[in-house]
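Student: File target.tsv follows (TSV, C-alpha atoms):
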chain	number	residue	atom	x	y	z
A	532	MET	CA	-58.37	34.51	-1.90
A	533	THR	CA	-57.73	35.59	-5.48
A	534	HIS	CA	-59.66	34.74	-8.61
A	535	GLY	CA	-58.39	33.86	-12.07
A	536	GLU	CA	-58.30	36.36	-14.90
A	537	PHE	CA	-61.32	38.64	-14.98
A	538	LEU	CA	-62.47	41.04	-17.66
A	539	ILE	CA	-63.61	44.23	-15.97
A	540	HIS	CA	-65.44	46.88	-17.99
A	541	VAL	CA	-65.27	50.50	-16.89
A	542	GLY	CA	-68.29	52.55	-17.93
A	543	SER	CA	-66.31	55.59	-19.04
A	544	THR	CA	-63.64	56.71	-21.47
A	545	ASN	CA	-62.38	59.31	-18.98
A	546	PRO	CA	-58.79	58.19	-18.33
A	547	VAL	CA	-58.91	59.38	-14.71
A	548	LYS	CA	-61.94	57.19	-13.94
A	549	VAL	CA	-60.43	54.20	-15.74
A	550	GLU	CA	-57.14	54.55	-13.86
A	551	ALA	CA	-58.99	54.90	-10.54
A	552	VAL	CA	-60.86	51.64	-11.16
A	553	LYS	CA	-57.67	49.84	-12.22
A	554	ALA	CA	-55.75	51.07	-9.18
A	555	ALA	CA	-58.46	50.07	-6.70
A	556	PHE	CA	-59.04	46.64	-8.27
A	557	ASP	CA	-55.30	45.93	-8.57
A	558	GLU	CA	-54.63	46.99	-4.97
A	559	SER	CA	-57.55	44.91	-3.66
A	560	GLY	CA	-55.66	41.66	-4.20
A	561	LEU	CA	-58.92	39.94	-5.17
A	562	PHE	CA	-57.95	39.21	-8.77
A	563	ALA	CA	-54.74	37.59	-9.97
A	564	SER	CA	-54.71	39.15	-13.44
A	565	PRO	CA	-57.62	41.47	-14.18
A	566	ARG	CA	-58.02	42.87	-17.69
A	567	TYR	CA	-59.78	46.17	-18.21
A	568	ALA	CA	-61.75	47.68	-21.07
A	569	SER	CA	-63.01	51.24	-21.21
A	570	ILE	CA	-66.58	51.38	-22.55
A	571	ASP	CA	-68.28	54.62	-23.67
A	572	VAL	CA	-71.74	54.50	-22.09
A	573	SER	CA	-74.40	56.90	-20.92
A	574	SER	CA	-75.07	57.62	-17.27
A	575	GLU	CA	-78.70	58.34	-18.19
A	576	VAL	CA	-78.71	61.20	-15.65
A	577	SER	CA	-77.98	64.90	-16.05
A	578	ALA	CA	-74.45	66.00	-16.93
A	579	GLN	CA	-74.14	67.39	-13.41
A	580	PRO	CA	-76.15	65.34	-10.91
A	581	THR	CA	-77.49	67.39	-8.00
A	582	SER	CA	-78.68	64.73	-5.56
A	583	LEU	CA	-77.34	61.58	-3.96
A	584	ASP	CA	-80.02	59.51	-5.68
A	585	GLU	CA	-79.15	60.88	-9.13
A	586	THR	CA	-75.42	60.43	-8.51
A	587	ILE	CA	-75.79	56.79	-7.45
A	588	ARG	CA	-78.23	56.09	-10.32
A	589	GLY	CA	-75.64	57.51	-12.73
A	590	ALA	CA	-72.96	55.17	-11.38
A	591	ILE	CA	-75.31	52.17	-11.51
A	592	ASN	CA	-76.38	52.99	-15.07
A	593	ARG	CA	-72.76	53.33	-16.19
A	594	ALA	CA	-71.84	49.97	-14.63
A	595	ARG	CA	-74.88	48.16	-16.03
A	596	ASN	CA	-74.55	49.71	-19.49
A	597	ALA	CA	-70.89	48.66	-19.64
A	598	PHE	CA	-71.40	45.09	-18.40
A	599	GLN	CA	-71.79	43.29	-21.76
A	600	GLY	CA	-69.30	40.42	-22.01
A	601	SER	CA	-67.45	41.14	-18.75
A	602	VAL	CA	-67.38	39.41	-15.39
A	603	LEU	CA	-67.68	42.69	-13.49
A	604	SER	CA	-68.24	46.27	-14.55
A	605	ALA	CA	-67.72	49.52	-12.70
A	606	GLY	CA	-69.35	52.90	-13.07
A	607	LEU	CA	-68.29	56.16	-11.43
A	608	GLU	CA	-70.37	59.32	-11.15
A	609	ASP	CA	-69.64	62.56	-9.31
A	610	GLY	CA	-72.52	64.68	-8.10
A	611	LEU	CA	-73.65	67.31	-5.65
A	612	ILE	CA	-75.55	66.40	-2.52
A	613	THR	CA	-77.27	68.74	-0.10
A	614	VAL	CA	-75.41	68.96	3.18
A	615	PRO	CA	-76.63	71.11	6.08
A	616	TYR	CA	-74.30	73.58	7.79
A	617	THR	CA	-72.03	73.96	4.74
A	618	GLN	CA	-71.27	77.36	3.21
A	619	SER	CA	-73.02	76.60	-0.10
A	620	GLY	CA	-75.51	73.95	1.03
A	621	TYR	CA	-73.85	71.31	-1.19
A	622	MET	CA	-70.90	68.95	-1.24
A	623	ASN	CA	-69.49	66.79	-4.03
A	624	VAL	CA	-69.35	63.02	-3.66
A	625	CYS	CA	-68.17	60.32	-6.04
A	626	ALA	CA	-70.28	57.18	-6.27
A	627	CYS	CA	-69.04	53.84	-7.58
A	628	ALA	CA	-71.25	50.96	-8.61
A	629	ILE	CA	-69.79	47.55	-9.36
A	630	PHE	CA	-72.16	45.23	-11.22
A	631	ASP	CA	-71.83	41.43	-11.43
A	632	GLY	CA	-74.74	40.80	-13.78
A	633	GLY	CA	-77.22	40.47	-10.94
A	634	ARG	CA	-76.31	42.75	-8.08
A	635	ASP	CA	-74.95	46.28	-7.63
A	636	TYR	CA	-72.27	46.99	-5.03
A	637	ILE	CA	-72.13	50.67	-4.04
A	638	GLY	CA	-69.31	52.74	-2.57
A	639	LEU	CA	-68.91	56.44	-1.91
A	640	SER	CA	-65.90	58.70	-1.58
A	641	SER	CA	-65.39	61.35	1.03
A	642	ALA	CA	-67.29	64.56	0.31
A	643	PHE	CA	-65.96	68.09	-0.19
A	644	GLU	CA	-67.40	71.53	-0.80
A	645	TYR	CA	-66.82	73.70	-3.88
A	646	PRO	CA	-66.50	77.48	-3.66
A	647	GLN	CA	-69.90	79.17	-3.41
A	648	LYS	CA	-69.56	80.86	-6.82
A	649	VAL	CA	-69.06	77.43	-8.46
A	650	ILE	CA	-72.17	76.04	-6.78
A	651	ARG	CA	-74.18	79.10	-7.86
A	652	LEU	CA	-73.14	78.56	-11.49
A	653	VAL	CA	-74.06	74.87	-11.31
A	654	ILE	CA	-77.40	75.27	-9.54
A	655	GLU	CA	-78.61	78.54	-11.08
A	656	GLU	CA	-77.13	78.31	-14.57
A	657	GLY	CA	-76.95	74.56	-15.08
A	658	LEU	CA	-73.22	74.39	-15.78
A	659	ASP	CA	-71.19	71.28	-15.08
A	660	ILE	CA	-68.29	71.60	-12.64
A	661	THR	CA	-65.57	72.08	-15.28
A	662	ARG	CA	-67.49	74.84	-17.06
A	663	ALA	CA	-68.34	76.44	-13.70
A	664	PHE	CA	-64.64	76.48	-12.74
A	665	LEU	CA	-63.78	78.02	-16.12
A	666	ARG	CA	-66.49	80.69	-15.86
A	667	ALA	CA	-65.54	81.49	-12.23
A	668	GLY	CA	-61.93	82.00	-13.32
A	669	LEU	CA	-60.67	79.19	-11.09
A	670	SER	CA	-59.26	77.08	-13.94
A	671	GLU	CA	-58.15	77.53	-17.51
A	672	ASN	CA	-58.25	73.79	-18.26
A	673	PRO	CA	-61.29	72.82	-20.39
A	674	THR	CA	-60.58	69.15	-19.63
A	675	LEU	CA	-60.27	69.61	-15.87
A	676	GLY	CA	-62.38	66.51	-15.11
A	677	ALA	CA	-60.06	64.30	-17.16
A	678	ALA	CA	-56.97	65.78	-15.49
A	679	GLU	CA	-56.33	66.62	-11.83
A	680	GLY	CA	-59.99	67.45	-11.30
A	681	ALA	CA	-61.44	70.24	-9.23
A	682	ILE	CA	-60.35	68.39	-6.10
A	683	GLY	CA	-56.75	68.56	-7.35
A	684	LEU	CA	-57.04	72.33	-7.76
A	685	LEU	CA	-58.75	72.89	-4.42
A	686	THR	CA	-56.21	70.77	-2.50
A	687	LYS	CA	-53.25	72.09	-4.52
A	688	GLY	CA	-52.47	68.55	-5.68
A	689	ARG	CA	-52.64	66.86	-2.28
A	690	LEU	CA	-55.63	64.80	-3.48
A	691	THR	CA	-56.08	64.18	-7.21
A	692	ARG	CA	-59.30	63.21	-8.93
A	693	LYS	CA	-57.90	59.72	-9.54
A	694	GLU	CA	-57.20	59.17	-5.84
A	695	TYR	CA	-60.55	60.70	-4.91
A	696	ALA	CA	-62.47	58.42	-7.31
A	697	LYS	CA	-60.42	55.44	-6.15
A	698	GLN	CA	-61.89	55.92	-2.66
A	699	ALA	CA	-65.38	55.16	-4.00
A	700	VAL	CA	-64.18	52.07	-5.90
A	701	THR	CA	-62.35	50.79	-2.82
A	702	MET	CA	-65.51	51.19	-0.74
A	703	ALA	CA	-67.59	49.28	-3.32
A	704	LEU	CA	-64.97	46.50	-3.40
A	705	ILE	CA	-65.61	45.84	0.30
A	706	HIS	CA	-68.67	43.87	-0.79
A	707	LEU	CA	-66.57	41.59	-2.98
A	708	ARG	CA	-64.58	40.50	0.07
A	709	ASP	CA	-67.77	38.98	1.51
A	710	PRO	CA	-67.30	35.18	1.65
A	711	LEU	CA	-70.84	34.71	0.33
A	712	THR	CA	-70.06	36.84	-2.74
A	713	LEU	CA	-66.68	35.33	-3.63
A	714	PRO	CA	-67.87	31.78	-4.45
A	715	ALA	CA	-70.57	33.21	-6.73
A	716	LEU	CA	-67.99	35.18	-8.66
A	717	GLN	CA	-65.74	32.15	-9.02
A	718	THR	CA	-68.51	30.16	-10.70
A	719	GLU	CA	-69.49	33.07	-12.95
A	720	GLN	CA	-66.10	33.43	-14.62
A	721	LYS	CA	-66.36	33.64	-18.36
A	722	PRO	CA	-63.90	31.67	-20.51
A	723	ARG	CA	-61.41	33.66	-22.54
Once more with this new file: its structure as C-alpha cells, please.
Tutor:
Amino acid sequence: MTHGEFLIHVGSTNPVKVEAVKAAFDESGLFASPRYASIDVSSEVSAQPTSLDETIRGAINRARNAFQGSVLSAGLEDGLITVPYTQSGYMNVCACAIFDGGRDYIGLSSAFEYPQKVIRLVIEEGLDITRAFLRAGLSENPTLGAAEGAIGLLTKGRLTRKEYAKQAVTMALIHLRDPLTLPALQTEQKPR
C-alpha cells in the first residue's frame, strides 16, 4: 500500500544523513511521491553521545524538532554504547527516530568498534569522532562525518556512512508497515 505525497522533514543539514533518509524512504515503497526538506535543528544532547539512551534521545529530539509542518520527520544520531568483550569497551551505533506528531518509531543500525586510540580521545578528551580521527592521524578530512564517514574509512569504502545510516532508517520504517499505523497516516495527510 502506498500513500499520496508526503512532506518528510529530516532533522539535519548533513547531506549524508539527508540522503540516507531519502534512500530508505524511497526504497520502502510506502510513499508514492515523498518530498523532503532538510531542517537545521538541535539534538539537545552532547556533540558525541556516549550511551544508547543519549543516542536515541538525540535522534528523537532531532525528529521532533524538525516536525513542524510535515507529515513525518526523521532524526539520525550516532553515538557510542558500552559493549562488553570489545577491545575498547565501546561500539558506535546509529539511531533513527521517525516522528508522526504523536509517536516515535525507533530503528538502530548495526554496531562497529573504533580503534582504541579514537575511543580514548573521545572518552578522555571529549572530542567528537571526526576530531578524534584527525588527532589520531587516521583522517585528514575535517568534514569526515559529512563525507564517507569513519565507517567508510574503516571498511575501505565497503560500507559508507550513508549506507550505514540508511540501516537505522530502514529499521524504523518497519513500524510504518504495521497495518494499524498505515490508516492513521493516511488520515493525517496534510494538504499541499
Student: Taking (-67.6, 49.0, -25.7) as a centre in this file's frame and 10 Å as the limit, can you find every polymer residue with an atom that close, using only C-alpha atoms, and give them as a list in words?
Tutor: His540, Val541, Gly542, Ser543, Thr544, Ala568, Ser569, Ile570, Asp571, Val572, Asn596, Ala597, Phe598, Gln599 and Gly600 of chain A
Student: For a test of reading the model, state the distance in Å between CA of Val700 (chain A) and CA of Phe556 (chain A), rounded to one decimal.
Tutor: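 About the pair CA of Val700 (chain A) and CA of Phe556 (chain A): they are 7.8 Å apart.
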Student: Residues within 10 Å of Gly657 (chain A), please, as a list of chain:residue names. Count all atoms listed in the file; anything in the same chain fewer than 6 positions from it doesn't count.
Tutor: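 Counting all atoms listed in the file, the residues come to A:Ser577, A:Ala578, A:Gln579, A:Ile650, A:Arg651, A:Ala663.
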Student: Go ahead and compute the interatomic distance for CA of Ser559 (chain A) and CA of Ile705 (chain A), in Å to one decimal.
Tutor: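 CA of Ile705 (chain A) lies 9.0 Å from CA of Ser559 (chain A).
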Student: Could you tell me how far CA of Gly632 (chain A) sits from CA of Arg588 (chain A), in Å to one decimal place?
Tutor: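 Going from CA of Arg588 (chain A) over to CA of Gly632 (chain A), I get 16.1 Å.
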